[in-house]
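Raw start18.cif, mmCIF, C-alpha atoms and all ligand atoms:
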```
data_start
loop_
_atom_site.label_atom_id
_atom_site.label_comp_id
_atom_site.auth_asym_id
_atom_site.auth_seq_id
_atom_site.Cartn_x
_atom_site.Cartn_y
_atom_site.Cartn_z
CA MET A 16 122.32 37.62 140.53
CA TRP A 17 120.13 38.29 143.57
CA ILE A 18 118.15 41.33 144.57
CA GLN A 19 119.72 42.11 147.91
CA PHE A 20 117.02 44.23 149.51
CA VAL A 21 113.61 45.37 148.41
CA CYS A 22 111.30 46.88 151.00
CA VAL A 23 107.64 47.29 150.16
CA HIS A 24 105.07 48.46 152.73
CA THR A 25 101.34 48.38 152.23
CA GLY A 26 100.39 51.75 150.84
CA ILE A 27 103.89 53.11 150.86
CA LEU A 28 106.44 51.98 148.36
CA GLY A 29 109.53 52.09 150.56
CA CYS A 30 111.90 51.37 147.74
CA ASP A 31 111.09 51.61 144.07
CA LEU A 32 111.54 48.13 142.65
CA GLN A 33 112.92 49.24 139.33
CA THR A 34 115.49 51.54 140.89
CA ALA A 35 116.47 48.85 143.37
CA ILE A 36 117.08 46.35 140.61
CA CYS A 37 119.13 48.88 138.63
CA ASP A 38 121.17 49.87 141.69
CA VAL A 39 122.03 46.31 142.58
CA MET A 40 122.75 45.13 139.08
CA SER A 41 124.37 48.14 137.43
CA PRO A 42 127.91 47.65 138.78
CA ALA A 43 127.95 44.04 137.64
CA MET A 44 126.50 44.93 134.28
CA SER A 45 128.70 47.89 133.55
CA LYS A 46 130.97 45.71 131.43
CA LEU A 47 128.12 45.06 128.99
CA THR A 48 127.55 47.09 125.84
CA THR A 49 127.42 50.82 126.45
CA PRO A 50 124.26 52.12 124.78
CA SER A 51 124.65 54.30 121.75
CA MET A 52 122.24 57.07 121.01
CA THR A 53 120.38 58.25 117.97
CA THR A 54 119.06 61.71 118.57
CA SER A 55 116.32 63.64 116.92
CA VAL A 56 114.17 66.13 118.68
CA MET A 57 111.15 68.17 117.68
CA ALA A 58 109.66 71.14 119.47
CA ALA A 59 106.18 72.59 119.62
CA ALA A 60 106.55 75.60 117.41
CA ALA A 61 102.85 76.35 117.67
CA GLY A 62 101.41 78.88 120.06
CA GLY A 63 98.07 79.53 121.66
CA HIS A 64 97.22 83.13 122.36
CA ARG A 65 95.38 82.23 125.55
CA ALA A 66 94.73 85.71 126.83
CA GLY A 67 92.80 86.47 123.66
CA GLY A 68 91.10 83.10 123.71
CA SER A 69 92.20 82.41 120.16
CA THR A 70 93.94 79.29 119.02
CA ALA A 71 96.10 81.20 116.55
CA ARG A 72 99.51 79.60 116.49
CA VAL A 73 101.74 82.52 117.35
CA ARG A 74 105.06 83.19 118.93
CA PHE A 75 104.74 85.10 122.17
CA GLY A 76 107.27 87.90 122.52
CA ASN A 77 108.10 90.05 125.52
CA HIS A 78 106.06 92.91 124.07
CA ASP A 79 103.03 90.59 123.92
CA TRP A 80 103.37 90.03 127.66
CA SER A 81 103.50 93.74 128.37
CA GLU A 82 99.96 94.01 126.96
CA PHE A 83 98.62 91.77 129.74
CA ILE A 84 100.82 92.23 132.79
CA ASP A 85 102.94 94.98 134.29
CA THR A 86 106.27 94.11 132.68
CA THR A 87 108.68 95.32 130.03
CA ASP A 88 110.86 93.79 127.38
CA GLU A 89 113.82 95.41 129.13
CA TRP A 90 113.04 93.70 132.49
CA ILE A 91 112.58 90.25 130.99
CA THR A 92 115.58 90.45 128.66
CA SER A 93 118.01 91.84 131.22
CA ARG A 94 116.96 89.39 134.00
CA THR A 95 116.56 86.24 131.93
CA GLY A 96 117.78 86.69 128.35
CA ILE A 97 114.36 85.48 127.13
CA GLN A 98 112.85 87.33 124.17
CA GLU A 99 110.23 84.88 122.92
CA ARG A 100 108.50 81.69 123.90
CA ARG A 101 105.97 79.47 122.14
CA PHE A 102 102.78 78.11 123.62
CA ALA A 103 100.84 75.05 122.61
CA ALA A 104 97.55 75.73 120.90
CA ASP A 105 94.36 75.39 122.94
CA ASP A 106 93.56 72.05 121.34
CA GLU A 107 96.97 70.56 122.15
CA ALA A 108 98.01 68.75 125.32
CA THR A 109 101.15 67.01 126.55
CA VAL A 110 100.83 63.84 124.51
CA ASP A 111 100.40 65.82 121.27
CA LEU A 112 103.76 67.51 121.66
CA ALA A 113 105.37 64.32 122.97
CA ALA A 114 104.09 62.29 120.01
CA HIS A 115 105.32 64.90 117.55
CA ALA A 116 108.81 64.78 119.05
CA ALA A 117 108.81 60.98 119.30
CA GLU A 118 107.67 60.47 115.70
CA THR A 119 110.40 62.80 114.46
CA ALA A 120 113.01 61.01 116.53
CA LEU A 121 111.84 57.62 115.25
CA ALA A 122 111.95 58.81 111.63
CA ASP A 123 115.43 60.22 112.15
CA ALA A 124 116.55 56.92 113.61
CA GLY A 125 114.98 55.01 110.70
CA LEU A 126 112.74 53.10 113.09
CA GLU A 127 109.04 52.31 113.44
CA ALA A 128 107.00 52.57 116.64
CA ALA A 129 106.97 48.76 116.73
CA ASP A 130 110.76 48.76 117.15
CA ILE A 131 110.58 50.49 120.56
CA ASP A 132 111.06 48.26 123.61
CA GLU A 133 110.51 50.81 126.39
CA ILE A 134 109.25 54.39 126.82
CA ILE A 135 110.20 56.92 129.48
CA VAL A 136 108.55 60.34 129.57
CA ALA A 137 110.04 63.09 131.73
CA THR A 138 107.41 65.69 132.53
CA ASP A 139 105.98 67.76 135.34
CA THR A 140 102.96 68.72 133.24
CA PRO A 141 101.38 65.35 132.39
CA GLU A 142 98.47 64.64 130.06
CA ALA A 143 96.35 63.59 133.07
CA TYR A 144 96.84 63.23 136.80
CA THR A 145 96.65 59.48 136.23
CA PRO A 146 97.51 57.45 134.24
CA ASP A 147 100.88 58.73 133.16
CA THR A 148 101.70 60.42 129.86
CA ALA A 149 103.78 57.43 128.76
CA SER A 150 100.63 55.27 128.61
CA PHE A 151 98.91 57.77 126.34
CA LEU A 152 102.05 58.05 124.24
CA GLN A 153 102.49 54.28 123.87
CA HIS A 154 98.95 54.04 122.47
CA ARG A 155 99.22 57.17 120.31
CA LEU A 156 102.42 55.98 118.65
CA GLY A 157 101.08 52.45 118.16
CA CYS A 158 103.91 50.81 120.08
CA ARG A 159 103.82 47.21 121.24
CA GLU A 160 102.72 46.52 124.85
CA VAL A 161 106.14 47.51 126.16
CA PRO A 162 106.96 49.03 129.59
CA ALA A 163 106.12 52.73 129.56
CA TYR A 164 106.35 55.07 132.51
CA ASP A 165 106.84 58.69 133.51
CA LEU A 166 109.61 60.28 135.45
CA GLY A 167 107.72 63.16 136.98
CA GLY A 168 108.20 65.77 139.62
CA SER A 169 111.90 66.32 139.16
CA GLY A 170 111.36 69.47 137.22
CA CYS A 171 113.77 70.45 134.56
CA ALA A 172 116.32 67.74 135.50
CA GLY A 173 113.89 65.00 134.40
CA PHE A 174 115.19 64.35 130.90
CA VAL A 175 118.85 63.85 131.85
CA GLN A 176 117.77 61.70 134.82
CA ALA A 177 115.68 59.65 132.37
CA LEU A 178 118.77 59.10 130.22
CA ASP A 179 120.45 57.67 133.30
CA VAL A 180 117.53 55.30 134.00
CA ALA A 181 117.30 54.26 130.33
CA ARG A 182 121.01 53.58 130.23
CA ALA A 183 120.84 51.39 133.32
CA ARG A 184 117.85 49.48 131.90
CA MET A 185 119.74 48.89 128.65
CA MET A 186 122.64 47.42 130.56
CA LEU A 187 120.27 44.75 131.87
CA GLU A 188 119.04 43.90 128.42
CA PRO A 189 119.93 45.45 125.05
CA LYS A 190 116.82 47.27 123.90
CA ARG A 191 115.58 50.40 122.18
CA VAL A 192 114.29 53.01 124.56
CA LEU A 193 112.37 56.14 123.61
CA VAL A 194 113.07 58.99 126.05
CA VAL A 195 110.92 62.11 125.85
CA GLY A 196 111.12 65.42 127.69
CA VAL A 197 107.88 67.36 127.34
CA GLU A 198 106.35 70.31 129.11
CA LEU A 199 103.23 72.44 128.70
CA ILE A 200 104.04 74.80 131.53
CA SER A 201 101.55 77.28 130.09
CA ARG A 202 98.75 75.08 131.46
CA LEU A 203 100.18 75.11 134.98
CA MET A 204 101.30 78.66 135.56
CA SER A 205 99.29 81.65 136.56
CA TRP A 206 98.96 83.99 133.59
CA GLU A 207 98.73 86.92 135.98
CA ASP A 208 101.87 86.23 138.04
CA ARG A 209 104.54 88.30 136.32
CA SER A 210 107.36 86.72 138.35
CA PHE A 211 106.80 83.38 136.62
CA CYS A 212 104.71 83.56 133.50
CA VAL A 213 107.35 85.40 131.48
CA LEU A 214 109.94 82.69 132.14
CA PHE A 215 108.32 79.65 130.52
CA GLY A 216 107.37 78.12 127.19
CA ASP A 217 106.01 74.80 125.88
CA ALA A 218 108.05 72.22 123.98
CA ALA A 219 108.92 68.57 123.62
CA GLY A 220 112.09 66.74 122.67
CA ALA A 221 112.87 63.07 122.25
CA VAL A 222 115.75 60.69 121.70
CA VAL A 223 115.80 57.05 120.74
CA LEU A 224 118.47 55.02 122.50
CA GLY A 225 119.65 51.77 121.02
CA PRO A 226 122.41 49.25 121.66
CA GLU A 227 124.13 49.87 118.34
CA GLY A 228 124.19 51.90 115.15
CA GLY A 229 123.45 55.27 116.69
CA GLN A 230 124.75 58.72 115.90
CA ALA A 231 126.34 59.13 119.31
CA GLU A 232 127.31 57.16 122.38
CA ILE A 233 126.38 58.05 125.93
CA LEU A 234 129.68 57.60 127.72
CA ASP A 235 128.31 58.13 131.21
CA VAL A 236 125.66 59.96 133.23
CA VAL A 237 125.81 61.34 136.78
CA ALA A 238 122.82 62.45 138.82
CA GLY A 239 122.20 63.68 142.34
CA THR A 240 119.58 65.11 144.68
CA ASP A 241 119.60 67.37 147.73
CA GLY A 242 116.19 66.83 149.31
CA SER A 243 116.88 69.41 152.01
CA LYS A 244 116.09 72.06 149.39
CA THR A 245 112.57 71.05 148.37
CA ASP A 246 111.40 74.47 149.56
CA ILE A 247 113.38 76.57 147.10
CA LEU A 248 111.27 75.59 144.09
CA THR A 249 107.92 73.94 144.72
CA LEU A 250 104.29 73.77 143.63
CA LYS A 251 102.72 72.36 146.79
CA THR A 252 99.03 72.31 146.00
CA GLY A 253 97.66 69.11 144.51
CA GLY A 254 99.80 66.75 146.57
CA THR A 255 98.57 64.86 149.62
CA ARG A 256 100.02 67.40 152.07
CA HIS A 257 98.15 70.27 150.43
CA PRO A 258 95.28 68.72 148.52
CA PHE A 259 93.53 70.53 145.74
CA ASN A 260 90.30 71.97 147.18
CA GLU A 261 87.92 74.92 146.97
CA GLU A 262 90.24 77.09 149.02
CA SER A 263 93.23 76.50 146.77
CA LEU A 264 91.04 77.10 143.75
CA ALA A 265 89.72 80.38 145.16
CA SER A 266 93.15 81.62 146.25
CA GLY A 267 94.90 80.55 143.06
CA ALA A 268 97.37 78.47 145.11
CA TYR A 269 96.95 75.52 142.73
CA HIS A 270 99.14 77.23 140.17
CA ARG A 271 101.42 79.20 142.48
CA LEU A 272 105.02 78.16 142.13
CA ASP A 273 107.04 79.07 145.21
CA MET A 274 110.57 79.92 144.19
CA ASP A 275 113.48 81.45 146.01
CA GLY A 276 115.00 82.79 142.81
CA ARG A 277 118.39 83.70 144.25
CA ARG A 278 118.94 80.35 145.98
CA VAL A 279 117.79 78.51 142.86
CA PHE A 280 120.28 80.57 140.87
CA ARG A 281 123.20 79.71 143.19
CA GLU A 282 122.35 76.01 143.39
CA ALA A 283 121.80 75.75 139.64
CA VAL A 284 125.22 77.16 138.80
CA HIS A 285 127.03 75.13 141.44
CA ARG A 286 125.28 71.84 140.63
CA MET A 287 125.35 72.02 136.82
CA SER A 288 129.03 72.92 136.62
CA GLY A 289 129.85 70.32 139.32
CA ALA A 290 127.89 67.61 137.49
CA ILE A 291 129.75 68.30 134.24
CA THR A 292 133.10 68.14 136.00
CA ASP A 293 132.07 64.85 137.67
CA VAL A 294 130.83 63.13 134.54
CA LEU A 295 133.95 64.15 132.59
CA LYS A 296 136.17 62.82 135.35
CA ARG A 297 134.34 59.49 135.17
CA VAL A 298 135.10 59.15 131.46
CA ASP A 299 138.65 60.36 131.86
CA ARG A 300 138.12 63.60 129.94
CA SER A 301 138.37 67.25 130.85
CA VAL A 302 136.40 70.38 130.02
CA SER A 303 138.96 71.28 127.34
CA ASP A 304 137.91 68.10 125.44
CA VAL A 305 134.29 69.20 125.26
CA SER A 306 133.14 70.68 121.95
CA LEU A 307 129.74 71.82 123.18
CA VAL A 308 128.08 72.22 126.58
CA ILE A 309 124.28 72.05 126.43
CA PRO A 310 122.88 73.23 129.76
CA HIS A 311 119.28 73.43 130.89
CA GLN A 312 117.90 76.64 129.39
CA ALA A 313 116.28 78.37 132.36
CA ASN A 314 117.94 81.70 132.26
CA LYS A 315 120.82 83.26 130.30
CA ARG A 316 122.48 84.58 133.44
CA ILE A 317 122.62 81.08 134.96
CA ILE A 318 124.06 79.73 131.71
CA ASP A 319 126.70 82.49 131.65
CA ALA A 320 127.66 81.74 135.25
CA VAL A 321 128.06 78.02 134.44
CA ARG A 322 130.24 78.98 131.49
CA ASN A 323 132.44 81.12 133.75
CA GLN A 324 132.74 78.37 136.37
CA LEU A 325 133.74 75.82 133.76
CA GLY A 326 135.98 78.26 131.91
CA VAL A 327 134.54 77.54 128.47
CA THR A 328 134.28 80.07 125.67
CA GLU A 329 130.88 81.26 124.40
CA ASP A 330 131.21 79.35 121.15
CA ARG A 331 131.34 76.08 123.13
CA LEU A 332 128.06 76.71 124.91
CA TYR A 333 124.63 76.16 123.37
CA VAL A 334 122.05 78.82 124.16
CA ASN A 335 118.50 79.09 122.79
CA VAL A 336 116.63 80.34 125.85
CA HIS A 337 116.10 83.69 124.09
CA ASP A 338 113.88 81.99 121.48
CA TYR A 339 111.92 79.48 123.57
CA GLY A 340 112.11 80.45 127.25
CA ASN A 341 112.37 77.76 129.88
CA THR A 342 110.64 74.64 128.59
CA GLY A 343 111.41 72.49 131.64
CA SER A 344 112.45 68.91 130.93
CA ALA A 345 112.25 69.64 127.18
CA THR A 346 115.06 72.20 127.07
CA VAL A 347 117.96 69.74 126.87
CA PRO A 348 116.61 67.34 124.20
CA PHE A 349 115.25 70.27 122.20
CA ALA A 350 118.59 72.13 122.34
CA LEU A 351 120.41 68.91 121.46
CA TRP A 352 118.24 68.47 118.38
CA GLU A 353 118.60 72.10 117.36
CA ALA A 354 122.38 72.04 117.84
CA LYS A 355 122.58 68.96 115.63
CA GLU A 356 120.23 70.40 113.00
CA THR A 357 122.15 73.67 112.77
CA GLY A 358 125.55 72.01 112.46
CA ARG A 359 126.77 72.99 115.92
CA ILE A 360 127.48 69.30 116.56
CA THR A 361 129.54 67.27 114.12
CA GLU A 362 131.05 63.80 114.13
CA GLY A 363 133.81 63.43 116.69
CA ASP A 364 132.39 66.05 119.07
CA LEU A 365 132.18 65.40 122.78
CA VAL A 366 129.00 67.01 124.08
CA ALA A 367 128.15 67.60 127.74
CA LEU A 368 124.47 67.82 128.72
CA THR A 369 123.46 69.11 132.12
CA ALA A 370 120.29 70.13 133.94
CA PHE A 371 118.93 71.10 137.34
CA GLY A 372 115.43 71.06 138.69
CA ALA A 373 113.10 71.26 141.65
CA GLY A 374 114.05 68.72 144.28
CA PHE A 375 116.81 69.89 144.22
CA HIS A 376 118.03 67.59 141.43
CA TRP A 377 120.92 67.78 139.01
CA ALA A 378 122.37 65.53 136.32
CA ALA A 379 124.92 65.54 133.51
CA ALA A 380 125.74 63.27 130.59
CA ALA A 381 128.85 62.93 128.43
CA VAL A 382 127.88 62.10 124.86
CA GLN A 383 130.38 61.24 122.14
CA PHE A 384 129.27 61.95 118.56
N1 LIG B 401 108.40 92.39 135.05
C1 LIG B 401 108.72 93.46 135.80
N2 LIG B 401 109.05 93.38 137.08
C2 LIG B 401 109.06 92.18 137.66
C3 LIG B 401 108.72 91.01 136.96
C4 LIG B 401 108.37 91.16 135.59
N3 LIG B 401 108.04 90.10 134.81
N4 LIG B 401 108.81 89.94 137.79
C5 LIG B 401 109.20 90.43 138.99
N5 LIG B 401 109.34 91.77 138.90
C6 LIG B 401 109.74 92.70 139.97
C7 LIG B 401 109.45 92.16 141.34
O1 LIG B 401 108.11 92.41 141.69
C8 LIG B 401 110.43 92.94 142.18
O2 LIG B 401 109.90 94.23 142.39
P1 LIG B 401 110.12 94.97 143.81
O3 LIG B 401 111.61 95.13 143.93
O4 LIG B 401 109.38 96.23 143.63
O5 LIG B 401 109.55 94.03 144.83
C9 LIG B 401 111.63 93.10 141.26
O6 LIG B 401 111.15 92.87 139.92
C10 LIG B 401 112.75 92.13 141.56
O7 LIG B 401 112.18 90.84 141.70
P2 LIG B 401 113.07 89.59 141.94
O8 LIG B 401 112.24 88.34 141.96
O9 LIG B 401 113.96 89.85 143.10
O10 LIG B 401 113.89 89.59 140.59
P3 LIG B 401 115.29 88.96 140.32
O11 LIG B 401 116.20 90.06 139.92
O12 LIG B 401 115.73 88.02 141.37
O13 LIG B 401 114.98 88.10 139.02
C11 LIG B 401 114.60 85.81 138.40
C12 LIG B 401 114.02 87.05 139.04
C13 LIG B 401 114.92 86.13 136.95
C14 LIG B 401 113.60 84.66 138.42
C15 LIG B 401 115.90 85.48 139.17
O14 LIG B 401 115.62 85.27 140.53
C16 LIG B 401 116.59 84.31 138.63
O15 LIG B 401 117.29 84.40 137.66
N6 LIG B 401 116.42 83.14 139.30
C17 LIG B 401 117.02 81.94 138.88
C18 LIG B 401 116.08 80.82 138.86
C19 LIG B 401 115.23 80.70 137.63
O16 LIG B 401 115.55 81.13 136.55
N7 LIG B 401 114.12 80.01 137.85
C20 LIG B 401 113.20 79.73 136.85
C21 LIG B 401 113.21 78.37 136.43
S1 LIG B 401 113.44 77.14 137.58
C22 LIG B 401 114.01 75.81 136.72
O17 LIG B 401 114.21 75.89 135.56
C23 LIG B 401 114.24 74.49 137.38
#
```
What is this file in structure tokens?
Amino acid sequence: MWIQFVCVHTGILGCDLQTAICDVMSPAMSKLTTPSMTTSVMAAAAGGHRAGGSTARVRFGNHDWSEFIDTTDEWITSRTGIQERRFAADDEATVDLAAHAAETALADAGLEAADIDEIIVATDTPEAYTPDTASFLQHRLGCREVPAYDLGGSGCAGFVQALDVARARMMLEPKRVLVVGVELISRLMSWEDRSFCVLFGDAAGAVVLGPEGGQAEILDVVAGTDGSKTDILTLKTGGTRHPFNEESLASGAYHRLDMDGRRVFREAVHRMSGAITDVLKRVDRSVSDVSLVIPHQANKRIIDAVRNQLGVTEDRLYVNVHDYGNTGSATVPFALWEAKETGRITEGDLVALTAFGAGFHWAAAAVQF
């Protein structure tokens, strides 16, 4: 097996080595063991009442927002379906939530940290600018010196993309991979910008993937990107094109998310329903075989539109955005865990996961319980 083409320039990584290896080898390896999945996910149920400066762990309802910004419960509920969200306490950061989720997933899988062979963390709100959250997590959990890296910048699609990467890595070599989706969006957003702050919450979710003995099997994953739409959802400041400086600090641009809400809405519906259709086709199943669709929880109206496009009934769609808001790359693993915990998923169920995110990225996975 040869690597056909890897291009590396000084200073600019023309082609990510890991992705190149996976791309070249995946077709040949697809006959190897399909990874099975043990899922267990934990969320940050704690809150930090930042506006009051207290670290009281509270839920943050729509009425709480209306005390600080010009908004109403009616506006937020009717536009988004969100009624509550939870914020990390002031003394918590990304790795705290990630470790909590990971430890719960490990316990559920009956594994120790030492059993993990690789760690992937999907996040847009990392513990530090560098190094990545996965390094902090590897040390916090007490894992061996295994490969650990972040999948960052792909917004809310990150976790399902990470499942795809993990799956490809496991086809090269049977191993146990910890995949975490974690977001503390409360640390990134402007607490005065009513268009955004009401939408988000903090959470983490994790799954442990292993070659055998899991609770479910990932049948396939599809993922895609349309880079012509980077402008519809972007936080520009802090990158090399728009570096963080005194001007961005003074203007508040460093936490200004530019979003064309209507275009994001249209793309999200089109891409998530398309990705589910694609992944089901690849495993020779149809939407009528799916027991539960778990979409990215950004907005109830987007979820309803996906349901209409797919033609599934409400009872076959998992929704918890009303309780937690949009928790970015954590929504899918968190919803998966909650659906399992509350008996919405039982043995024999085919579950479809799907997400979209800034990029514009999308992904879907077919998971057989
Ligand atoms: N409370 C009260 N009024 C508000 C608020 C608020 N929190 N936020 C905005 N408004 C006002 C605006 O100022 C505007 O007022 P104006 O007409 O006087 O100018 C009015 O409400 C309408 O604003 P829009 O932004 O046009 O509101 P819209 O109806 O489009 O809803 C929303 C906004 C919910 C974000 C919508 O565009 C949407 O659903 N977008 C989909 C994308 C999405 O959910 N993105 C978030 C996550 S991205 C991701 O997960 C990858």
| said: as an MDAnalysis selection string, please: every protein or nucleic acid residue near ligand LIG 401 (chain B) (cut-off 6 Å, counting all atoms listed in the file). | reply: chainID A and resid 86:87 90:91 94:95 170:171 209:210 213 276:277 279:280 313:314 343 371:373
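Taking atom CA of Thr109 of chain A and atom CA of Ala137 of chain A as the two end points, the separation is 11.0 Å.
In terms of minimum interatomic distance to Phe83 of chain A, A:Glu207 ranks closest within A:Glu227, A:Glu142, A:Asp130, A:Glu207, counting only C-alpha atoms.
Taking atom CA of Glu118 of chain A and atom CA of Gly363 of chain A as endpoints, the distance between them is 26.3 Å.
Of the residues listed (A:Asp105, A:Asp165, A:Asp217, A:Asp85), A:Asp165 shows the shortest atom-to-atom separation from Ile134 of chain A; distances use all atoms listed in the file.
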Please provide the set of residues having any atom within 8 Å of segment 254-270 of chain A, restricted to all atoms listed in the file, with same-chain residues fewer than 4 positions apart removed, written as a list in words.
Leu203, Met204, Ser205 and Leu250 of chain A
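Relative to atom CA of Val222 of chain A, atom CA of Met185 of chain A is found at 14.3 Å.
With only C-alpha atoms as the atoms that count, the residue of A:Gly242, A:Val161, A:Arg300, A:Met287 with the shortest distance to Gly374 of chain A is A:Gly242.
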Using all atoms listed in the file, what table do you get, as JSON lines, when you list each residue of segment 165-269 of chain A with an atom no more than 9 Å from segment 324-342 of chain A, its nearest pair of atoms, and their distance in Å rounded to one decimal, rows by chain then rising number?
```
{"residue": "A:Cys171", "atom": "CA", "partner": "A:Thr342", "partner_atom": "CA", "distance": 7.9}
{"residue": "A:Val197", "atom": "CA", "partner": "A:Thr342", "partner_atom": "CA", "distance": 7.9}
{"residue": "A:Glu198", "atom": "CA", "partner": "A:Thr342", "partner_atom": "CA", "distance": 6.1}
{"residue": "A:Leu199", "atom": "CA", "partner": "A:Thr342", "partner_atom": "CA", "distance": 7.7}
{"residue": "A:Ile200", "atom": "CA", "partner": "A:Thr342", "partner_atom": "CA", "distance": 7.2}
{"residue": "A:Val213", "atom": "CA", "partner": "A:Gly340", "partner_atom": "CA", "distance": 8.1}
{"residue": "A:Leu214", "atom": "CA", "partner": "A:Gly340", "partner_atom": "CA", "distance": 5.8}
{"residue": "A:Phe215", "atom": "CA", "partner": "A:Asn341", "partner_atom": "CA", "distance": 4.5}
{"residue": "A:Gly216", "atom": "CA", "partner": "A:Thr342", "partner_atom": "CA", "distance": 5.0}
{"residue": "A:Asp217", "atom": "CA", "partner": "A:Thr342", "partner_atom": "CA", "distance": 5.4}
{"residue": "A:Ala218", "atom": "CA", "partner": "A:Thr342", "partner_atom": "CA", "distance": 5.8}
{"residue": "A:Ala219", "atom": "CA", "partner": "A:Thr342", "partner_atom": "CA", "distance": 8.0}
```
| request: Determine, counting all atoms listed in the file, which protein, DNA and RNA residues have an atom within 7 Å of an atom of Arg191 of chain A; residues of the same chain fewer than 3 positions away are not included. Present the result as a ChimeraX atom specification. | output: /A:131-133,223-226
Min atom-atom distance to Val110 of chain A from the set A:Asp147, A:Asp241, A:Asp179, A:Glu188, counting only C-alpha atoms, belongs to A:Asp147
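Using all atoms listed in the file for every distance, the candidate list A:Pro141, A:Gly239, A:Pro189, A:Gly228 yields A:Gly239 as the residue closest to Asp293 of chain A.
When all atoms listed in the file are used to compute distances to Leu272 of chain A, the closest of the residues A:Ile291, A:Ile247, A:Leu307, A:Ala345 turns out to be A:Ile247.
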Using all atoms listed in the file, which protein or nucleic acid residues come within 10 Å of Ala172 of chain A? Drop anything in the same chain fewer than 3 positions from it, and give the result as number ranges by chain. A: 137-138, 167-169, 175-177, 196, 238-239, 311, 343-347, 369-379
Pull segment 223-237 of chain A out of the block and emit N, CA and C atoms, as a PDB file, in the first residue's frame.
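Result file decode-v9.pdb:
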```
ATOM      1  N   VAL A 223     -17.446   6.372  22.873  1.00  0.00           N
ATOM      2  CA  VAL A 223     -16.251   5.549  22.731  1.00  0.00           C
ATOM      3  C   VAL A 223     -16.528   4.594  21.584  1.00  0.00           C
ATOM      4  N   LEU A 224     -15.645   4.567  20.606  1.00  0.00           N
ATOM      5  CA  LEU A 224     -15.793   3.643  19.484  1.00  0.00           C
ATOM      6  C   LEU A 224     -14.808   2.504  19.676  1.00  0.00           C
ATOM      7  N   GLY A 225     -15.278   1.303  19.398  1.00  0.00           N
ATOM      8  CA  GLY A 225     -14.382   0.155  19.522  1.00  0.00           C
ATOM      9  C   GLY A 225     -14.654  -0.840  18.422  1.00  0.00           C
ATOM     10  N   PRO A 226     -13.713  -1.744  18.169  1.00  0.00           N
ATOM     11  CA  PRO A 226     -13.886  -2.680  17.059  1.00  0.00           C
ATOM     12  C   PRO A 226     -14.920  -3.763  17.335  1.00  0.00           C
ATOM     13  N   GLU A 227     -15.269  -3.970  18.574  1.00  0.00           N
ATOM     14  CA  GLU A 227     -16.237  -5.032  18.883  1.00  0.00           C
ATOM     15  C   GLU A 227     -16.929  -4.756  20.210  1.00  0.00           C
ATOM     16  N   GLY A 228     -18.022  -5.490  20.431  1.00  0.00           N
ATOM     17  CA  GLY A 228     -18.666  -5.476  21.745  1.00  0.00           C
ATOM     18  C   GLY A 228     -19.390  -4.199  22.104  1.00  0.00           C
ATOM     19  N   GLY A 229     -19.742  -3.399  21.129  1.00  0.00           N
ATOM     20  CA  GLY A 229     -20.417  -2.140  21.432  1.00  0.00           C
ATOM     21  C   GLY A 229     -21.920  -2.294  21.506  1.00  0.00           C
ATOM     22  N   GLN A 230     -22.573  -1.177  21.804  1.00  0.00           N
ATOM     23  CA  GLN A 230     -24.037  -1.170  21.876  1.00  0.00           C
ATOM     24  C   GLN A 230     -24.652  -0.929  20.508  1.00  0.00           C
ATOM     25  N   ALA A 231     -23.865  -0.403  19.599  1.00  0.00           N
ATOM     26  CA  ALA A 231     -24.391  -0.062  18.275  1.00  0.00           C
ATOM     27  C   ALA A 231     -23.267  -0.101  17.259  1.00  0.00           C
ATOM     28  N   GLU A 232     -23.653  -0.190  15.996  1.00  0.00           N
ATOM     29  CA  GLU A 232     -22.650  -0.243  14.937  1.00  0.00           C
ATOM     30  C   GLU A 232     -22.846   0.946  13.993  1.00  0.00           C
ATOM     31  N   ILE A 233     -21.771   1.642  13.715  1.00  0.00           N
ATOM     32  CA  ILE A 233     -21.864   2.710  12.712  1.00  0.00           C
ATOM     33  C   ILE A 233     -21.822   2.038  11.348  1.00  0.00           C
ATOM     34  N   LEU A 234     -22.930   2.108  10.631  1.00  0.00           N
ATOM     35  CA  LEU A 234     -22.981   1.436   9.331  1.00  0.00           C
ATOM     36  C   LEU A 234     -22.226   2.233   8.277  1.00  0.00           C
ATOM     37  N   ASP A 235     -22.386   3.548   8.306  1.00  0.00           N
ATOM     38  CA  ASP A 235     -21.678   4.391   7.348  1.00  0.00           C
ATOM     39  C   ASP A 235     -21.810   5.860   7.778  1.00  0.00           C
ATOM     40  N   VAL A 236     -20.954   6.685   7.223  1.00  0.00           N
ATOM     41  CA  VAL A 236     -21.005   8.128   7.486  1.00  0.00           C
ATOM     42  C   VAL A 236     -20.770   8.842   6.160  1.00  0.00           C
ATOM     43  N   VAL A 237     -21.519   9.897   5.893  1.00  0.00           N
ATOM     44  CA  VAL A 237     -21.226  10.750   4.733  1.00  0.00           C
ATOM     45  C   VAL A 237     -20.939  12.158   5.254  1.00  0.00           C
TER      46      VAL A 237
END
```
